[in-house]
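In what follows, a single structure is set out as C-alpha coordinates and then discussed.
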Amino acid sequence: MWTGNLNAVVEQKSRASIAFGSALSLAVAPLLVVLLSLRDELQELGHYSSAHVPLALLLAESLKFVFAAARPEVPYLKDAKLPKIRKATKFRLRDFFKCLIFLPTCVGAYFVALVLFGAPIINQYEETFMLSLLLTILTIFPSCFHAGVDPTMSILTGSRKFSGDKTMETLQQHIFLTLFGTWCGAIAIPLDWDRPWQAWPVPCCLGALAGYTFSHMLTLIKLLPFLAMRIARKTKY
(Lines give C-alpha, C1' and ligand atoms only; values in the text may rest on other atoms or scores of the structure.)
Protein backbone atom coordinates (compact mmCIF):
# COMPACT_ATOMS: atom_id res chain seq x y z
CA MET A 1 0.00 0.00 0.00
CA TRP A 2 2.82 2.36 0.93
CA THR A 3 4.55 1.54 -2.37
CA GLY A 4 1.40 2.37 -4.31
CA ASN A 5 1.01 5.70 -2.51
CA LEU A 6 4.68 6.46 -3.06
CA ASN A 7 4.41 5.79 -6.80
CA ALA A 8 1.36 8.05 -6.98
CA VAL A 9 3.26 10.88 -5.26
CA VAL A 10 6.23 10.44 -7.59
CA GLU A 11 3.91 10.53 -10.62
CA GLN A 12 2.20 13.71 -9.42
CA LYS A 13 5.49 15.48 -8.71
CA SER A 14 6.84 14.43 -12.11
CA ARG A 15 3.76 15.74 -13.92
CA ALA A 16 3.85 19.00 -11.97
CA SER A 17 7.49 19.55 -12.98
CA ILE A 18 6.70 18.75 -16.62
CA ALA A 19 3.76 21.17 -16.60
CA PHE A 20 5.87 23.97 -15.13
CA GLY A 21 8.63 23.37 -17.67
CA SER A 22 6.27 23.35 -20.64
CA ALA A 23 4.51 26.50 -19.45
CA LEU A 24 7.85 28.29 -19.07
CA SER A 25 9.00 27.21 -22.52
CA LEU A 26 5.70 28.35 -24.04
CA ALA A 27 6.31 31.77 -22.55
CA VAL A 28 10.02 32.17 -23.33
CA ALA A 29 10.45 30.84 -26.89
CA PRO A 30 7.58 32.76 -28.57
CA LEU A 31 8.47 35.89 -26.58
CA LEU A 32 12.02 35.81 -27.94
CA VAL A 33 10.75 35.51 -31.52
CA VAL A 34 8.27 38.37 -31.01
CA LEU A 35 10.96 40.61 -29.55
CA LEU A 36 13.33 39.85 -32.42
CA SER A 37 10.55 40.58 -34.90
CA LEU A 38 9.62 43.89 -33.24
CA ARG A 39 13.26 44.96 -33.27
CA ASP A 40 13.63 43.79 -36.89
CA GLU A 41 16.39 41.38 -35.88
CA LEU A 42 15.04 38.06 -37.10
CA GLN A 43 17.70 37.97 -39.80
CA GLU A 44 20.35 38.11 -37.06
CA LEU A 45 19.42 34.63 -35.81
CA GLY A 46 22.40 32.38 -36.28
CA HIS A 47 24.97 35.15 -35.76
CA TYR A 48 27.06 35.87 -32.70
CA SER A 49 25.07 39.10 -32.30
CA SER A 50 22.02 36.95 -31.44
CA ALA A 51 23.82 35.00 -28.73
CA HIS A 52 21.30 36.33 -26.19
CA VAL A 53 18.66 34.03 -27.71
CA PRO A 54 20.36 30.68 -26.90
CA LEU A 55 21.51 32.21 -23.60
CA ALA A 56 17.92 33.05 -22.61
CA LEU A 57 16.79 29.54 -23.56
CA LEU A 58 19.67 28.07 -21.60
CA LEU A 59 18.63 30.04 -18.51
CA ALA A 60 15.01 28.93 -18.94
CA GLU A 61 16.04 25.27 -19.19
CA SER A 62 18.28 25.68 -16.13
CA LEU A 63 15.37 27.19 -14.20
CA LYS A 64 13.24 24.16 -15.06
CA PHE A 65 15.95 21.85 -13.75
CA VAL A 66 16.24 23.86 -10.52
CA PHE A 67 12.46 23.73 -10.07
CA ALA A 68 12.41 19.96 -10.55
CA ALA A 69 15.38 19.44 -8.22
CA ALA A 70 13.82 21.64 -5.54
CA ARG A 71 10.66 19.51 -5.45
CA PRO A 72 11.42 16.26 -3.64
CA GLU A 73 9.57 13.35 -5.11
CA VAL A 74 8.84 11.91 -1.68
CA PRO A 75 7.37 14.32 0.87
CA TYR A 76 8.61 12.39 3.93
CA LEU A 77 11.84 10.42 4.31
CA LYS A 78 12.97 8.42 7.31
CA ASP A 79 16.53 8.53 8.60
CA ALA A 80 17.12 5.01 7.30
CA LYS A 81 16.89 6.31 3.73
CA LEU A 82 19.48 9.06 4.10
CA PRO A 83 22.45 6.96 2.89
CA LYS A 84 20.54 6.24 -0.33
CA ILE A 85 20.02 9.95 -0.82
CA ARG A 86 23.71 10.63 -0.43
CA LYS A 87 24.49 7.92 -2.94
CA ALA A 88 22.02 9.42 -5.41
CA THR A 89 23.59 12.85 -4.88
CA LYS A 90 27.01 11.48 -5.76
CA PHE A 91 25.52 9.94 -8.89
CA ARG A 92 23.97 13.25 -9.87
CA LEU A 93 27.31 15.01 -9.37
CA ARG A 94 29.09 12.44 -11.51
CA ASP A 95 26.41 12.70 -14.17
CA PHE A 96 26.72 16.50 -14.07
CA PHE A 97 30.37 16.29 -15.10
CA LYS A 98 29.48 13.76 -17.79
CA CYS A 99 26.99 16.30 -19.15
CA LEU A 100 29.66 19.00 -19.24
CA ILE A 101 31.72 16.76 -21.51
CA PHE A 102 28.78 15.43 -23.51
CA LEU A 103 27.20 18.79 -24.40
CA PRO A 104 30.17 20.27 -26.34
CA THR A 105 30.48 16.91 -28.10
CA CYS A 106 26.85 17.20 -29.21
CA VAL A 107 27.45 20.72 -30.55
CA GLY A 108 30.22 19.26 -32.70
CA ALA A 109 28.03 16.31 -33.73
CA TYR A 110 25.20 18.63 -34.77
CA PHE A 111 27.70 20.77 -36.70
CA VAL A 112 28.96 17.74 -38.63
CA ALA A 113 25.40 16.50 -39.25
CA LEU A 114 24.34 19.91 -40.60
CA VAL A 115 27.35 20.02 -42.92
CA LEU A 116 26.52 16.52 -44.18
CA PHE A 117 22.99 17.76 -44.92
CA GLY A 118 24.44 20.59 -47.01
CA ALA A 119 25.08 23.43 -44.54
CA PRO A 120 27.90 25.81 -45.54
CA ILE A 121 31.10 25.24 -43.60
CA ILE A 122 33.63 27.66 -45.09
CA ASN A 123 31.84 30.94 -45.67
CA GLN A 124 29.15 30.59 -43.00
CA TYR A 125 30.70 28.49 -40.26
CA GLU A 126 29.48 31.03 -37.69
CA GLU A 127 25.84 30.51 -38.66
CA THR A 128 26.21 26.72 -38.76
CA PHE A 129 27.87 26.73 -35.34
CA MET A 130 25.14 28.92 -33.81
CA LEU A 131 22.41 26.61 -35.13
CA SER A 132 24.30 23.64 -33.69
CA LEU A 133 24.47 25.43 -30.33
CA LEU A 134 20.75 26.27 -30.43
CA LEU A 135 19.80 22.66 -31.21
CA THR A 136 21.98 21.39 -28.38
CA ILE A 137 20.32 23.74 -25.91
CA LEU A 138 16.81 22.88 -27.08
CA THR A 139 17.24 19.10 -27.27
CA ILE A 140 20.31 17.68 -25.54
CA PHE A 141 20.67 20.03 -22.58
CA PRO A 142 17.18 19.42 -21.09
CA SER A 143 17.42 15.66 -21.53
CA CYS A 144 20.90 15.46 -19.99
CA PHE A 145 20.08 17.44 -16.89
CA HIS A 146 16.68 15.83 -16.29
CA ALA A 147 17.56 12.24 -17.16
CA GLY A 148 21.32 11.91 -17.61
CA VAL A 149 23.71 11.21 -20.46
CA ASP A 150 22.98 7.50 -20.90
CA PRO A 151 19.18 7.85 -21.24
CA THR A 152 19.77 10.77 -23.65
CA MET A 153 21.96 8.53 -25.78
CA SER A 154 19.21 5.91 -25.70
CA ILE A 155 16.72 8.48 -27.00
CA LEU A 156 19.03 9.61 -29.80
CA THR A 157 19.91 6.09 -30.90
CA GLY A 158 16.46 4.60 -30.32
CA SER A 159 18.05 1.69 -28.47
CA ARG A 160 15.55 1.75 -25.61
CA LYS A 161 11.82 2.30 -25.20
CA PHE A 162 10.47 4.42 -22.36
CA SER A 163 6.80 3.42 -22.41
CA GLY A 164 5.16 4.39 -19.13
CA ASP A 165 7.88 6.85 -18.12
CA LYS A 166 6.20 10.24 -18.55
CA THR A 167 9.39 12.27 -18.14
CA MET A 168 11.38 10.28 -20.70
CA GLU A 169 8.49 10.16 -23.16
CA THR A 170 8.17 13.94 -22.89
CA LEU A 171 11.90 14.51 -23.41
CA GLN A 172 11.85 12.18 -26.40
CA GLN A 173 8.92 14.08 -27.89
CA HIS A 174 10.69 17.44 -27.40
CA ILE A 175 13.83 16.22 -29.15
CA PHE A 176 12.07 14.73 -32.16
CA LEU A 177 9.62 17.59 -32.72
CA THR A 178 12.38 20.21 -32.38
CA LEU A 179 14.52 18.41 -34.95
CA PHE A 180 11.48 17.93 -37.21
CA GLY A 181 10.75 21.66 -36.97
CA THR A 182 14.37 22.40 -37.94
CA TRP A 183 14.05 20.19 -40.99
CA CYS A 184 10.74 21.81 -41.98
CA GLY A 185 12.30 25.27 -41.61
CA ALA A 186 14.92 24.40 -44.22
CA ILE A 187 12.16 24.15 -46.83
CA ALA A 188 11.85 27.96 -46.89
CA ILE A 189 15.52 28.59 -47.73
CA PRO A 190 15.49 27.83 -51.51
CA LEU A 191 12.14 29.55 -52.17
CA ASP A 192 12.40 32.67 -54.34
CA TRP A 193 10.66 35.06 -51.94
CA ASP A 194 13.81 37.15 -51.42
CA ARG A 195 13.09 37.72 -47.74
CA PRO A 196 15.93 38.57 -45.29
CA TRP A 197 14.79 35.82 -42.91
CA GLN A 198 15.30 33.18 -45.65
CA ALA A 199 19.08 33.40 -45.27
CA TRP A 200 20.86 30.47 -43.67
CA PRO A 201 20.19 29.43 -40.90
CA VAL A 202 17.28 31.72 -39.91
CA PRO A 203 14.45 29.45 -41.20
CA CYS A 204 16.01 26.45 -39.45
CA CYS A 205 16.35 28.41 -36.19
CA LEU A 206 12.72 29.52 -36.42
CA GLY A 207 11.66 25.99 -37.32
CA ALA A 208 13.51 24.61 -34.30
CA LEU A 209 11.84 27.14 -32.00
CA ALA A 210 8.44 26.38 -33.59
CA GLY A 211 8.87 22.62 -33.12
CA TYR A 212 10.11 23.18 -29.57
CA THR A 213 7.11 25.41 -28.78
CA PHE A 214 4.59 23.06 -30.39
CA SER A 215 5.98 20.12 -28.43
CA HIS A 216 5.57 21.94 -25.12
CA MET A 217 2.08 23.07 -26.09
CA LEU A 218 1.18 19.46 -26.90
CA THR A 219 2.57 18.37 -23.55
CA LEU A 220 0.43 20.89 -21.69
CA ILE A 221 -2.66 19.76 -23.60
CA LYS A 222 -1.97 16.18 -22.53
CA LEU A 223 -1.63 17.34 -18.93
CA LEU A 224 -4.87 19.35 -18.89
CA PRO A 225 -6.89 16.60 -17.10
CA PHE A 226 -4.19 16.33 -14.42
CA LEU A 227 -3.97 20.10 -13.99
CA ALA A 228 -7.76 20.44 -13.80
CA MET A 229 -7.92 17.73 -11.13
CA ARG A 230 -5.10 19.40 -9.19
CA ILE A 231 -6.84 22.79 -9.27
CA ALA A 232 -10.13 21.18 -8.22
CA ARG A 233 -8.45 19.59 -5.21
CA LYS A 234 -6.90 22.87 -4.13
CA THR A 235 -10.17 24.79 -4.43
CA LYS A 236 -11.96 22.02 -2.54
CA TYR A 237 -9.66 22.26 0.47
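Letters A, B, ... mark the chains of the C-alpha coordinates in the order given; residue numbers begin at 1 per chain; ligand numbers begin at 1, in order shown.
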Helix (DSSP H, G or I) per DSSP on the backbone: members of chain A, as a PyMOL selection string: chain A and resi 2-38+42-44+48-50+52-70+79-116+125-147+149-157+166-188+196-198+202-222+224-236
Residues within 12 Å of Gln173 (chain A), only C-alpha atoms, excluding chain neighbours under 5 positions, as a list in words: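 Surrounding residues, per the criterion: Leu138, Thr139, Pro142, Ser143, Ile155, Leu156, Phe162, Lys166, Thr167, Met168, Thr178, Leu179, Phe180, Gly181, Gly211, Tyr212, Thr213, Phe214, Ser215, His216, Met217, Leu218 and Thr219 of chain A.
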Nearest to Ala27 (chain A), chosen from A:Val53, A:Gly148, A:Ala60, A:Arg94, with only C-alpha atoms counted in the distances: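 Of A:Val53, A:Gly148, A:Ala60, A:Arg94, the one nearest Ala27 (chain A) is A:Ala60, counting only C-alpha atoms.
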Closest of A:Pro196, A:Pro190, A:Pro30, A:Pro104 to Glu44 (chain A) - atom-to-atom distances counting only C-alpha atoms: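 Once distances to Glu44 (chain A) are computed over only C-alpha atoms, the minimum belongs to A:Pro196.
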Residues within 10 Å of Ile187 (chain A), only C-alpha atoms, excluding chain neighbours under 6 positions, as a list in words: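 These residues fall inside the cut-off: Gln198, Pro203, Cys204 and Gly207 of chain A.
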